[in-house]
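Colleague: Enclosed is the structure file coords-v3.cif (mmCIF, C-alpha atoms).
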```cif
data_final
loop_
_atom_site.label_atom_id
_atom_site.label_comp_id
_atom_site.auth_asym_id
_atom_site.auth_seq_id
_atom_site.Cartn_x
_atom_site.Cartn_y
_atom_site.Cartn_z
CA MET A 1 -213.47 164.02 139.12
CA ASP A 2 -215.22 166.47 136.79
CA ILE A 3 -215.72 165.18 133.23
CA ARG A 4 -217.81 168.07 131.91
CA ILE A 5 -216.77 168.94 128.40
CA PRO A 6 -216.14 172.65 127.66
CA LEU A 7 -218.64 174.32 125.29
CA THR A 8 -215.99 175.02 122.62
CA VAL A 9 -214.94 171.36 122.54
CA ARG A 10 -218.56 170.28 122.26
CA LEU A 11 -219.09 172.71 119.38
CA CYS A 12 -215.99 171.36 117.64
CA LEU A 13 -217.28 167.79 118.05
CA LEU A 14 -220.66 168.77 116.61
CA ILE A 15 -218.99 170.44 113.61
CA ILE A 16 -216.78 167.38 112.98
CA LEU A 17 -219.81 165.14 113.25
CA ALA A 18 -221.77 167.33 110.80
CA VAL A 19 -218.88 167.29 108.33
CA LEU A 20 -218.60 163.50 108.61
CA LEU A 21 -222.31 163.06 108.01
CA ILE A 22 -222.34 165.40 104.99
CA THR A 23 -219.24 163.69 103.56
CA PHE A 24 -220.50 160.14 103.98
CA THR A 25 -224.09 160.86 102.92
CA GLY A 26 -223.06 161.47 99.29
CA CYS A 27 -220.71 158.51 99.22
CA ALA A 28 -223.07 155.58 99.67
CA LEU A 29 -224.63 153.34 97.04
CA THR A 30 -228.14 154.47 96.19
CA ALA A 31 -231.06 152.06 96.46
CA LYS A 32 -231.13 151.78 92.66
CA GLN A 33 -227.44 150.97 92.53
CA LYS A 34 -227.89 148.29 95.19
CA VAL A 35 -230.79 146.76 93.23
CA ALA A 36 -228.67 146.81 90.07
CA VAL A 37 -225.78 145.04 91.84
CA SER A 38 -228.12 142.51 93.50
CA GLN A 39 -229.89 141.64 90.23
CA PHE A 40 -226.63 141.32 88.34
CA SER A 41 -224.94 139.22 91.01
CA GLY A 42 -227.92 136.87 91.35
CA SER A 43 -228.00 136.29 87.61
CA ALA A 44 -224.22 135.80 87.44
CA ALA A 45 -224.51 133.14 90.14
CA THR A 46 -227.33 131.44 88.22
CA LEU A 47 -225.44 131.43 84.92
CA GLY A 48 -222.28 130.11 86.58
CA ASP A 49 -224.05 127.39 88.57
CA VAL A 50 -226.26 126.22 85.69
CA THR A 51 -223.38 126.08 83.20
CA SER A 52 -221.24 124.10 85.66
CA SER A 53 -224.02 121.57 86.27
CA GLN A 54 -224.68 121.26 82.51
CA LEU A 55 -221.03 120.47 81.84
CA ILE A 56 -221.19 117.64 84.37
CA ALA A 57 -224.44 116.43 82.73
CA MET A 58 -222.71 116.51 79.32
CA ARG A 59 -219.92 114.31 80.67
CA ASP A 60 -222.47 111.84 82.08
CA ASN A 61 -224.31 111.76 78.72
CA THR A 62 -221.03 111.27 76.87
CA MET A 63 -220.26 108.17 78.92
CA LYS A 64 -223.79 106.85 78.35
CA MET A 65 -223.65 107.44 74.59
CA THR A 66 -220.20 105.92 74.14
CA THR A 67 -221.26 102.89 76.17
CA GLU A 68 -224.43 102.49 74.07
CA ARG A 69 -222.45 102.80 70.81
CA LEU A 70 -219.95 100.15 71.92
CA LEU A 71 -222.81 97.86 73.02
CA LEU A 72 -224.54 98.20 69.65
CA GLY A 73 -221.62 98.33 67.22
CA GLY A 74 -218.68 96.78 69.01
CA LYS A 75 -215.14 98.18 68.67
CA SER A 76 -214.88 101.85 67.65
CA LYS A 77 -214.69 102.20 63.87
CA ASP A 78 -212.17 105.03 64.11
CA PRO A 79 -209.23 105.17 66.56
CA ASN A 80 -209.85 108.86 67.32
CA LEU A 81 -213.28 108.16 68.80
CA GLY A 82 -213.81 107.22 72.42
CA ASP A 83 -213.66 103.53 73.32
CA GLN A 84 -213.90 101.26 76.33
CA THR A 85 -210.75 102.83 77.80
CA SER A 86 -211.99 106.41 77.36
CA LEU A 87 -215.77 106.44 77.77
CA ASP A 88 -215.75 110.15 78.66
CA HIS A 89 -213.59 111.15 75.68
CA GLY A 90 -214.51 114.72 74.69
CA PHE A 91 -215.72 115.66 78.17
CA ASP A 92 -212.95 114.15 80.25
CA VAL A 93 -212.37 115.28 83.82
CA GLU A 94 -209.67 117.84 82.98
CA ARG A 95 -211.83 119.64 80.42
CA VAL A 96 -214.94 119.69 82.57
CA GLU A 97 -212.97 120.67 85.66
CA THR A 98 -211.19 123.54 83.90
CA ILE A 99 -214.27 125.09 82.34
CA SER A 100 -216.53 124.51 85.30
CA GLY A 101 -213.76 125.98 87.47
CA ALA A 102 -214.23 129.23 85.58
CA THR A 103 -218.04 129.11 85.63
CA GLN A 104 -218.02 128.26 89.34
CA ALA A 105 -215.71 131.21 89.94
CA LEU A 106 -218.26 133.33 88.06
CA ALA A 107 -221.02 132.00 90.33
CA ALA A 108 -218.86 132.72 93.39
CA TYR A 109 -218.22 136.25 92.07
CA GLY A 110 -221.97 136.82 91.87
CA LYS A 111 -222.51 135.45 95.36
CA SER A 112 -219.71 137.43 96.99
CA LEU A 113 -220.87 140.64 95.29
CA ALA A 114 -224.41 139.97 96.58
CA ALA A 115 -223.05 139.37 100.11
CA LEU A 116 -221.13 142.66 99.92
CA VAL A 117 -224.25 144.62 99.00
CA ASP A 118 -226.61 142.88 101.43
CA ASP A 119 -226.93 144.88 104.65
CA THR A 120 -226.14 142.49 107.46
CA GLN A 121 -224.42 145.13 109.57
CA SER A 122 -227.39 147.28 110.74
CA ALA A 123 -228.49 144.88 113.47
CA GLU A 124 -224.91 144.36 114.64
CA LEU A 125 -224.32 148.11 114.72
CA LYS A 126 -227.42 148.64 116.84
CA THR A 127 -226.26 145.98 119.31
CA ALA A 128 -222.78 147.50 119.40
CA SER A 129 -224.09 151.04 120.00
CA ASN A 130 -226.41 149.75 122.75
CA GLU A 131 -223.40 148.11 124.42
CA PHE A 132 -221.49 151.37 123.99
CA VAL A 133 -224.26 153.37 125.70
CA ALA A 134 -224.54 150.80 128.49
CA SER A 135 -220.79 150.96 129.07
CA LEU A 136 -220.76 154.74 129.09
CA GLY A 137 -223.70 154.77 131.49
CA SER A 138 -221.84 152.48 133.84
CA VAL A 139 -219.03 155.03 134.30
CA PRO A 140 -220.06 156.81 137.52
CA THR A 141 -218.81 160.27 136.56
CA ALA A 142 -220.45 160.07 133.12
CA LYS A 143 -223.71 158.89 134.65
CA ALA A 144 -223.62 161.88 137.00
CA HIS A 145 -223.42 164.40 134.17
CA LEU A 146 -225.37 162.76 131.32
CA SER A 147 -229.12 162.16 131.27
CA ASP A 148 -230.62 158.97 129.82
CA GLU A 149 -231.73 160.99 126.77
CA GLN A 150 -228.20 162.28 126.26
CA LEU A 151 -226.80 158.76 126.52
CA GLN A 152 -229.35 157.51 124.00
CA ALA A 153 -228.47 160.43 121.69
CA ILE A 154 -224.79 159.47 121.89
CA GLY A 155 -225.74 155.86 121.04
CA THR A 156 -227.73 157.05 118.02
CA VAL A 157 -224.80 159.16 116.81
CA VAL A 158 -222.39 156.23 117.21
CA GLN A 159 -224.77 154.01 115.25
CA GLU A 160 -225.33 156.61 112.52
CA VAL A 161 -221.64 157.41 112.07
CA GLY A 162 -220.83 153.70 112.03
CA GLY A 163 -223.58 153.18 109.45
CA PHE A 164 -222.34 155.98 107.21
CA TRP A 165 -218.81 154.68 107.50
CA ILE A 166 -219.96 151.21 106.47
CA GLU A 167 -221.98 152.52 103.52
CA TRP A 168 -219.01 154.59 102.36
CA LYS A 169 -216.69 151.59 102.61
CA ARG A 170 -219.31 149.41 100.89
CA LYS A 171 -219.53 151.74 97.92
CA GLN A 172 -215.75 151.96 97.67
CA ALA A 173 -215.44 148.15 97.71
CA VAL A 174 -218.27 147.47 95.23
CA THR A 175 -217.07 150.16 92.82
CA THR A 176 -213.47 148.93 92.93
CA ILE A 177 -214.36 145.23 92.58
CA VAL A 178 -216.84 145.78 89.74
CA LYS A 179 -214.39 148.08 87.92
CA ASN A 180 -211.40 145.74 88.40
CA SER A 181 -213.38 142.63 87.43
CA LYS A 182 -215.11 144.11 84.39
CA ASP A 183 -212.52 142.94 81.86
CA VAL A 184 -212.25 139.39 83.18
CA VAL A 185 -216.05 139.00 83.37
CA ASP A 186 -216.32 140.34 79.82
CA HIS A 187 -213.61 137.93 78.69
CA LEU A 188 -215.30 134.93 80.31
CA CYS A 189 -218.59 135.92 78.62
CA ASP A 190 -216.72 136.03 75.29
CA LEU A 191 -215.26 132.57 75.92
CA LEU A 192 -218.67 131.11 76.76
CA VAL A 193 -220.29 132.73 73.72
CA ARG A 194 -217.52 131.42 71.46
CA ASP A 195 -217.30 127.88 72.85
CA PHE A 196 -221.00 127.22 73.56
CA ASP A 197 -222.28 128.63 70.26
CA PRO A 198 -224.55 125.82 68.98
CA LYS A 199 -223.27 126.11 65.40
CA ASN A 200 -219.60 127.09 65.68
CA GLY A 201 -218.53 126.35 69.26
CA TRP A 202 -216.45 123.32 70.13
CA VAL A 203 -218.89 122.13 72.82
CA GLY A 204 -221.62 121.58 70.22
CA LEU A 205 -219.18 119.95 67.78
CA GLN A 206 -217.97 117.63 70.54
CA LEU A 207 -221.53 116.61 71.40
CA GLN A 208 -222.16 115.89 67.69
CA VAL A 209 -219.01 113.73 67.46
CA ILE A 210 -220.46 111.50 70.16
CA GLU A 211 -224.09 111.64 69.09
CA ASP A 212 -223.94 110.94 65.34
CA PRO A 213 -222.00 107.65 65.45
CA LEU A 214 -224.48 106.42 68.07
CA MET A 215 -227.36 107.40 65.76
CA ALA A 216 -225.73 105.34 62.99
CA GLU A 217 -225.24 102.23 65.13
CA ALA A 218 -228.75 102.49 66.60
CA THR A 219 -230.21 102.87 63.10
CA ASN A 220 -228.36 99.78 61.89
CA VAL A 221 -229.67 97.73 64.83
CA LEU A 222 -233.21 99.07 64.38
CA TYR A 223 -233.31 98.29 60.64
CA ASP A 224 -231.54 94.95 60.86
CA GLY A 225 -233.12 93.79 64.12
CA LYS A 226 -235.36 90.76 63.89
CA THR A 227 -237.05 90.85 67.29
CA TYR A 228 -238.90 93.23 69.58
CA ASN A 229 -235.93 93.17 71.95
CA ASP A 230 -233.48 94.11 69.17
CA ARG A 231 -235.60 97.15 68.32
CA LYS A 232 -236.13 97.99 72.00
CA ILE A 233 -232.36 98.13 72.55
CA ALA A 234 -231.98 100.39 69.50
CA LEU A 235 -234.73 102.75 70.65
CA GLU A 236 -233.19 103.07 74.10
CA ALA A 237 -230.02 104.25 72.37
CA PHE A 238 -232.05 106.72 70.28
CA GLN A 239 -233.50 108.10 73.51
CA VAL A 240 -230.00 108.78 74.89
CA ALA A 241 -228.99 110.41 71.60
CA TYR A 242 -232.18 112.49 71.60
CA ASP A 243 -231.45 113.82 75.11
CA ASN A 244 -228.03 114.85 73.88
CA LYS A 245 -229.54 116.58 70.86
CA MET A 246 -231.74 118.63 73.19
CA SER A 247 -228.62 119.74 75.10
CA ARG A 248 -226.86 120.53 71.84
CA THR A 249 -229.66 122.57 70.34
CA GLN A 250 -231.47 124.10 73.33
CA ILE A 251 -229.15 124.41 76.33
CA LEU A 252 -226.14 125.63 74.36
CA LYS A 253 -228.25 128.39 72.81
CA ARG A 254 -229.48 129.51 76.22
CA VAL A 255 -225.98 129.56 77.71
CA THR A 256 -224.80 131.63 74.73
CA ASP A 257 -227.77 134.02 74.99
CA ALA A 258 -227.23 134.40 78.73
CA ALA A 259 -223.49 135.07 78.35
CA THR A 260 -224.18 137.66 75.64
CA ALA A 261 -226.73 139.36 77.89
CA MET A 262 -224.36 139.20 80.84
CA LYS A 263 -221.66 141.05 78.96
CA LYS A 264 -224.11 143.89 78.28
CA ALA A 265 -225.30 143.84 81.89
CA ASN A 266 -221.70 143.92 83.12
CA ASN A 267 -221.09 147.10 81.17
CA ALA A 268 -224.29 148.65 82.49
CA LEU A 269 -223.34 147.67 86.05
CA ALA A 270 -219.87 149.21 85.78
CA ASN A 271 -221.47 152.47 84.64
CA ALA A 272 -224.14 152.31 87.33
CA VAL A 273 -221.72 152.01 90.26
CA ALA A 274 -219.15 154.43 88.86
CA LYS A 275 -221.45 157.42 88.36
CA SER A 276 -221.27 159.66 91.42
CA ASP A 277 -221.77 163.02 89.67
CA TRP A 278 -225.46 162.80 89.14
CA SER A 279 -227.21 165.18 86.80
CA VAL A 280 -230.60 165.06 85.11
CA GLN A 281 -228.93 163.64 82.03
CA ASP A 282 -227.07 161.05 84.09
CA ILE A 283 -230.29 160.02 85.79
CA GLN A 284 -231.98 159.62 82.41
CA ASP A 285 -229.05 157.68 81.03
CA PHE A 286 -228.94 155.50 84.11
CA ALA A 287 -232.69 154.82 83.85
CA GLN A 288 -232.09 153.52 80.32
CA LYS A 289 -229.08 151.50 81.48
CA ALA A 290 -230.98 150.08 84.43
CA GLN A 291 -233.78 149.11 82.04
CA SER A 292 -231.25 147.51 79.72
CA LEU A 293 -229.67 145.71 82.68
CA GLN A 294 -233.11 144.53 83.82
CA MET A 295 -233.93 143.25 80.33
CA ALA A 296 -230.60 141.43 80.10
CA ILE A 297 -231.13 139.81 83.49
CA LYS A 298 -234.65 138.73 82.45
CA ILE A 299 -233.07 136.93 79.51
CA ILE A 300 -230.56 135.23 81.78
CA VAL A 301 -233.16 134.09 84.28
CA THR A 302 -236.06 133.09 82.02
CA LYS A 303 -234.28 131.42 79.12
CA MET B 1 -210.22 128.94 58.68
CA ALA B 2 -210.28 126.68 61.70
CA ASN B 3 -213.95 127.35 62.26
CA SER B 4 -214.81 126.64 58.64
CA LEU B 5 -213.01 123.28 58.84
CA GLY B 6 -215.03 122.42 61.93
CA ASN B 7 -218.25 123.54 60.23
CA GLU B 8 -217.48 121.54 57.09
CA LEU B 9 -216.78 118.38 59.05
CA SER B 10 -219.91 118.97 61.12
CA ALA B 11 -222.05 119.45 58.00
CA ALA B 12 -220.54 116.31 56.42
CA LEU B 13 -221.31 114.37 59.59
CA THR B 14 -224.90 115.61 59.62
CA ASN B 15 -225.38 114.69 55.95
CA ILE B 16 -223.89 111.23 56.24
CA THR B 17 -225.98 110.49 59.35
CA SER B 18 -229.10 111.49 57.39
CA LEU B 19 -228.04 109.17 54.57
CA ILE B 20 -227.58 106.26 56.98
CA ILE B 21 -231.11 106.83 58.31
CA LYS B 22 -232.54 106.96 54.75
CA THR B 23 -230.64 103.97 53.33
CA GLY B 24 -232.39 100.61 53.38
CA SER B 25 -229.48 98.53 52.05
CA GLU B 26 -227.45 96.92 54.81
CA ASP B 27 -224.24 97.00 52.73
CA GLU B 28 -224.66 100.70 51.92
CA ARG B 29 -225.26 101.50 55.57
CA THR B 30 -222.18 99.53 56.60
CA LYS B 31 -220.02 101.56 54.20
CA LEU B 32 -221.65 104.84 55.22
CA THR B 33 -221.21 103.99 58.93
CA GLN B 34 -217.50 103.38 58.33
CA GLN B 35 -217.15 106.70 56.47
CA GLN B 36 -219.15 108.48 59.16
CA ALA B 37 -216.80 107.14 61.85
CA GLN B 38 -213.80 108.49 59.92
CA ILE B 39 -215.35 111.97 59.61
CA ALA B 40 -216.34 111.90 63.28
CA GLY B 41 -212.75 110.91 64.11
CA GLN B 42 -211.39 113.85 62.11
CA LEU B 43 -213.82 116.20 63.83
CA GLN B 44 -212.69 114.78 67.20
CA VAL B 45 -209.06 115.59 66.31
CA PHE B 46 -210.12 119.11 65.27
CA VAL B 47 -212.05 119.66 68.52
CA ASP B 48 -209.13 118.34 70.61
CA LYS B 49 -206.79 120.89 69.01
CA VAL B 50 -209.26 123.74 69.60
CA VAL B 51 -209.78 122.72 73.23
CA ASP B 52 -206.03 122.49 73.88
CA GLN B 53 -205.78 126.16 72.93
CA THR B 54 -208.92 127.11 74.86
CA LEU B 55 -208.35 125.62 78.31
CA PRO B 56 -205.50 127.99 79.32
CA GLU B 57 -207.83 130.93 78.65
CA TYR B 58 -210.31 129.51 81.16
CA ASN B 59 -207.52 129.01 83.68
CA VAL B 60 -206.53 132.68 83.38
CA ALA B 61 -210.17 133.76 83.85
CA THR B 62 -210.54 131.48 86.89
CA VAL B 63 -207.46 132.92 88.60
CA ALA B 64 -208.59 136.51 87.98
CA LEU B 65 -212.15 135.85 89.17
CA ASN B 66 -210.94 134.06 92.29
CA ALA B 67 -208.81 137.12 93.08
CA ALA B 68 -211.91 139.32 92.72
CA ASN B 69 -213.84 136.97 95.01
CA ALA B 70 -211.08 137.13 97.63
CA ALA B 71 -211.15 140.95 97.46
CA ALA B 72 -214.94 140.95 97.89
CA GLU B 73 -214.74 138.63 100.90
CA ALA B 74 -212.01 140.76 102.49
CA ALA B 75 -214.11 143.90 101.93
CA LYS B 76 -217.11 142.20 103.52
CA LYS B 77 -215.03 141.31 106.59
CA ASN B 78 -213.91 144.94 106.82
CA LEU B 79 -217.54 146.07 106.91
CA ASP B 80 -218.34 143.56 109.62
CA ASN B 81 -215.38 144.83 111.66
CA VAL B 82 -216.96 148.27 112.25
CA ALA B 83 -219.48 146.88 114.75
CA ASP B 84 -216.67 144.90 116.39
CA ALA B 85 -214.62 148.09 116.78
CA ILE B 86 -217.51 149.84 118.54
CA LYS B 87 -217.91 146.84 120.84
CA LYS B 88 -214.20 146.99 121.66
CA ILE B 89 -214.52 150.69 122.56
CA ALA B 90 -217.48 149.77 124.79
CA ASP B 91 -215.30 147.14 126.49
CA ALA B 92 -212.56 149.73 126.99
CA ILE B 93 -215.04 152.16 128.53
CA ASP B 94 -216.24 149.38 130.85
CA LYS B 95 -212.69 148.86 132.04
CA LEU B 96 -212.13 152.62 132.30
CA GLY B 97 -215.32 152.89 134.40
CA GLY B 98 -214.02 150.26 136.75
CA LEU B 99 -210.73 152.11 137.06
CA LEU B 100 -212.43 155.47 137.68
CA ALA B 101 -214.66 153.89 140.32
CA LYS B 102 -211.55 152.69 142.15
CA LEU B 103 -209.92 156.14 141.92
CA ALA B 104 -213.03 158.03 143.14
#
```
With the file now loaded, output its structure as structure tokens.
Modeller:
Amino acid sequence: MDIRIPLTVRLCLLIILAVLLITFTGCALTAKQKVAVSQFSGSAATLGDVTSSQLIAMRDNTMKMTTERLLLGGKSKDPNLGDQTSLDHGFDVERVETISGATQALAAYGKSLAALVDDTQSAELKTASNEFVASLGSVPTAKAHLSDEQLQAIGTVVQEVGGFWIEWKRKQAVTTIVKNSKDVVDHLCDLLVRDFDPKNGWVGLQLQVIEDPLMAEATNVLYDGKTYNDRKIALEAFQVAYDNKMSRTQILKRVTDAATAMKKANNALANAVAKSDWSVQDIQDFAQKAQSLQMAIKIIVTK
Amino acid sequence: MANSLGNELSAALTNITSLIIKTGSEDERTKLTQQQAQIAGQLQVFVDKVVDQTLPEYNVATVALNAANAAAEAAKKNLDNVADAIKKIADAIDKLGGLLAKLA
């Protein structure tokens, strides 16, 4: 059986291959775009994970503070405050679960975006193209008409075309997901900024509702205490209240700052992946946006 | 309006807590502690109302983000499938080779 391919068919194949390569080459994410996506997604995962863990810590502190207040002052002095039947009042499971559900989804968004951009396919493609070449070489009629160099060249082409195809699909997916998720990510940033604001947000107010009555009861025990042990018990309660104050003043501010920065970075990211018509002006604009994105991410990571 | 109510209650709570810390008289502190508990209770009611309105917004965001995550995971699987497709072609060629060898 003769499997030689006519010259015209071979020329056609070469032309199709050239067209495919030219088409796909311009349709992949650039290195800068990949860095932008990776930095953004890593920071989104950090913000989501840290906020989730802080909410759980706030619930634990709430239970500690309510317990301490009841130990020091007895029955709650107002029926709307937490008591022995609702030690976690203010950060009950439903609240924490709902908000941390959203922040965990944000973390997962960052992680899945990072996984999409990370190149884990190159090694697999090389293995696949090697298997392809080995299979082709095992066909007796093909082996009779193709040299080892020709077989290797076919393997390289298969790998390259597969690679270009993957990069094209990768860009399509990243661009679509970032574009479609932009509004919801922006909205979640707005919610976090509003609710975690140390002065006006409900999270800070809730922490104060639990902290201040404990401060009062601990002060009463400290001032009225007659023994070392009385004062020791009061000061242990102050320590718990102080830890809460640190959360209220420091952590809330950092979550708010990070969410504000993330909203800016999200906008920069959407622009970065959407721009395919590069011009000098676009490159300059993108350099500024990338710098702005980098600055925003620095705020998220370091604060 | 809602925010200013929360801020006013918060400021009142801060002030009364400061007074409790400054007051030496046990009777005065007892009265102040009772008043503080009432203000804290009002602030708790305020926060509860705010949170009731807030939680559904987080639920909406969670659903939308989970959909984005599912899309990203599906896209990632699609990318991984390219190498699998080439391997399948290689398998087909293997079988074709076997068939050709029999025909030759």
Colleague: Could the residues of chain B within 8 Å of chain A, counting only C-alpha atoms, be given as a PyMOL selection string, please?
Modeller: chain B and resi 3+6-7+10+13-14+17+20-21+24+26+29+33-34+36-38+40-45+47-48+50-51+55+58-59+61-62+64-66+68-69+71-73+75-76+79-80+82-84+86-87+89-91+93-94+96-98+100-101+104
Colleague: Padding 3 Å on each side, edges along x, y and z: where is the centre of the box around the listed atoms of region 258-277 of chain A, and how long are its edges in Å to one decimal? Output it as AutoDock Vina command-line options.
Modeller:
```
--center_x -223.2 --center_y 148.7 --center_z 83.5 --size_x 14.1 --size_y 34.6 --size_z 21.8
```
Colleague: Mind giving me the straight-line distance from CA of Ser147 (chain A) to CA of Val161 (chain A) in Å, one decimal?
Modeller: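 Atom-to-atom, CA of Ser147 (chain A) and CA of Val161 (chain A) are spaced 21.1 Å apart.
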Colleague: Given the file above and the PyMOL selection byres ((chain A and resi 58) around 12), which residues are selected, and can you give them as a PyMOL selection string?
Modeller: chain A and resi 51-57+59-65+88-93+95-96+100+203-204+206-208+210-211+240-241+243-248+251-252
Colleague: Can you spit out the residues from that selection as a compact mmCIF listing (two decimals), in the frame of the given file, using C-alpha atoms?
Modeller:
```
# COMPACT_ATOMS: atom_id res chain seq x y z
CA THR A 51 -223.38 126.08 83.20
CA SER A 52 -221.24 124.10 85.66
CA SER A 53 -224.02 121.57 86.27
CA GLN A 54 -224.68 121.26 82.51
CA LEU A 55 -221.03 120.47 81.84
CA ILE A 56 -221.19 117.64 84.37
CA ALA A 57 -224.44 116.43 82.73
CA ARG A 59 -219.92 114.31 80.67
CA ASP A 60 -222.47 111.84 82.08
CA ASN A 61 -224.31 111.76 78.72
CA THR A 62 -221.03 111.27 76.87
CA MET A 63 -220.26 108.17 78.92
CA LYS A 64 -223.79 106.85 78.35
CA MET A 65 -223.65 107.44 74.59
CA ASP A 88 -215.75 110.15 78.66
CA HIS A 89 -213.59 111.15 75.68
CA GLY A 90 -214.51 114.72 74.69
CA PHE A 91 -215.72 115.66 78.17
CA ASP A 92 -212.95 114.15 80.25
CA VAL A 93 -212.37 115.28 83.82
CA ARG A 95 -211.83 119.64 80.42
CA VAL A 96 -214.94 119.69 82.57
CA SER A 100 -216.53 124.51 85.30
CA VAL A 203 -218.89 122.13 72.82
CA GLY A 204 -221.62 121.58 70.22
CA GLN A 206 -217.97 117.63 70.54
CA LEU A 207 -221.53 116.61 71.40
CA GLN A 208 -222.16 115.89 67.69
CA ILE A 210 -220.46 111.50 70.16
CA GLU A 211 -224.09 111.64 69.09
CA VAL A 240 -230.00 108.78 74.89
CA ALA A 241 -228.99 110.41 71.60
CA ASP A 243 -231.45 113.82 75.11
CA ASN A 244 -228.03 114.85 73.88
CA LYS A 245 -229.54 116.58 70.86
CA MET A 246 -231.74 118.63 73.19
CA SER A 247 -228.62 119.74 75.10
CA ARG A 248 -226.86 120.53 71.84
CA ILE A 251 -229.15 124.41 76.33
CA LEU A 252 -226.14 125.63 74.36
```
Colleague: Which residue is closest to Val193 (chain A)? Choose from A:Ala144, A:Thr156, A:Arg254, A:Asp230 and count all atoms listed in the file.
Modeller: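 With all atoms listed in the file as the atom set, the closest residue is A:Arg254.
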Colleague: Using all atoms listed in the file, can you tell me which of B:Asn78, B:Gln35, B:Ser4, B:Thr54 comes closest to Ile16 (chain B)?
Modeller: B:Gln35
Colleague: CA of Gly73 (chain A) to CA of Val221 (chain A): how many Å, to one decimal?
Modeller: 8.4 Å
Colleague: Just the number, please: distance in Å from CA of Ala272 (chain A) to CA of Ala31 (chain A), one decimal.
Modeller: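 Computed distance, CA of Ala272 (chain A) to CA of Ala31 (chain A), equals 11.5 Å.
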Colleague: In terms of the shortest atom-to-atom distance over only C-alpha atoms, which of A:Asp49, A:Lys253, A:Val157, A:Ser41 is closest to Arg194 (chain A)?
Modeller: A:Lys253
Colleague: Output region 86-100 of chain B with N, CA and C atoms present, as a CSV table (one decimal), keeping the file's coordinate frame.
Modeller:
```
chain,number,residue,atom,x,y,z
B,86,ILE,N,-216.7,149.1,117.6
B,86,ILE,CA,-217.5,149.8,118.5
B,86,ILE,C,-217.6,149.0,119.8
B,87,LYS,N,-217.8,147.7,119.7
B,87,LYS,CA,-217.9,146.8,120.8
B,87,LYS,C,-216.6,146.9,121.7
B,88,LYS,N,-215.5,146.9,121.0
B,88,LYS,CA,-214.2,147.0,121.7
B,88,LYS,C,-214.1,148.3,122.4
B,89,ILE,N,-214.6,149.4,121.8
B,89,ILE,CA,-214.5,150.7,122.6
B,89,ILE,C,-215.4,150.6,123.8
B,90,ALA,N,-216.6,149.9,123.6
B,90,ALA,CA,-217.5,149.8,124.8
B,90,ALA,C,-216.8,149.0,125.9
B,91,ASP,N,-216.0,147.9,125.5
B,91,ASP,CA,-215.3,147.1,126.5
B,91,ASP,C,-214.3,148.0,127.2
B,92,ALA,N,-213.6,148.9,126.4
B,92,ALA,CA,-212.6,149.7,127.0
B,92,ALA,C,-213.2,150.7,128.0
B,93,ILE,N,-214.4,151.2,127.6
B,93,ILE,CA,-215.0,152.2,128.5
B,93,ILE,C,-215.4,151.4,129.8
B,94,ASP,N,-215.9,150.2,129.7
B,94,ASP,CA,-216.2,149.4,130.8
B,94,ASP,C,-215.0,149.3,131.8
B,95,LYS,N,-213.9,149.0,131.2
B,95,LYS,CA,-212.7,148.9,132.0
B,95,LYS,C,-212.3,150.2,132.7
B,96,LEU,N,-212.4,151.3,131.8
B,96,LEU,CA,-212.1,152.6,132.3
B,96,LEU,C,-213.0,153.0,133.5
B,97,GLY,N,-214.3,152.6,133.3
B,97,GLY,CA,-215.3,152.9,134.4
B,97,GLY,C,-214.9,152.2,135.7
B,98,GLY,N,-214.5,151.0,135.6
B,98,GLY,CA,-214.0,150.3,136.8
B,98,GLY,C,-212.8,151.0,137.4
B,99,LEU,N,-211.9,151.4,136.6
B,99,LEU,CA,-210.7,152.1,137.1
B,99,LEU,C,-211.1,153.4,137.7
B,100,LEU,N,-212.0,154.2,137.1
B,100,LEU,CA,-212.4,155.5,137.7
B,100,LEU,C,-213.1,155.3,139.0
```
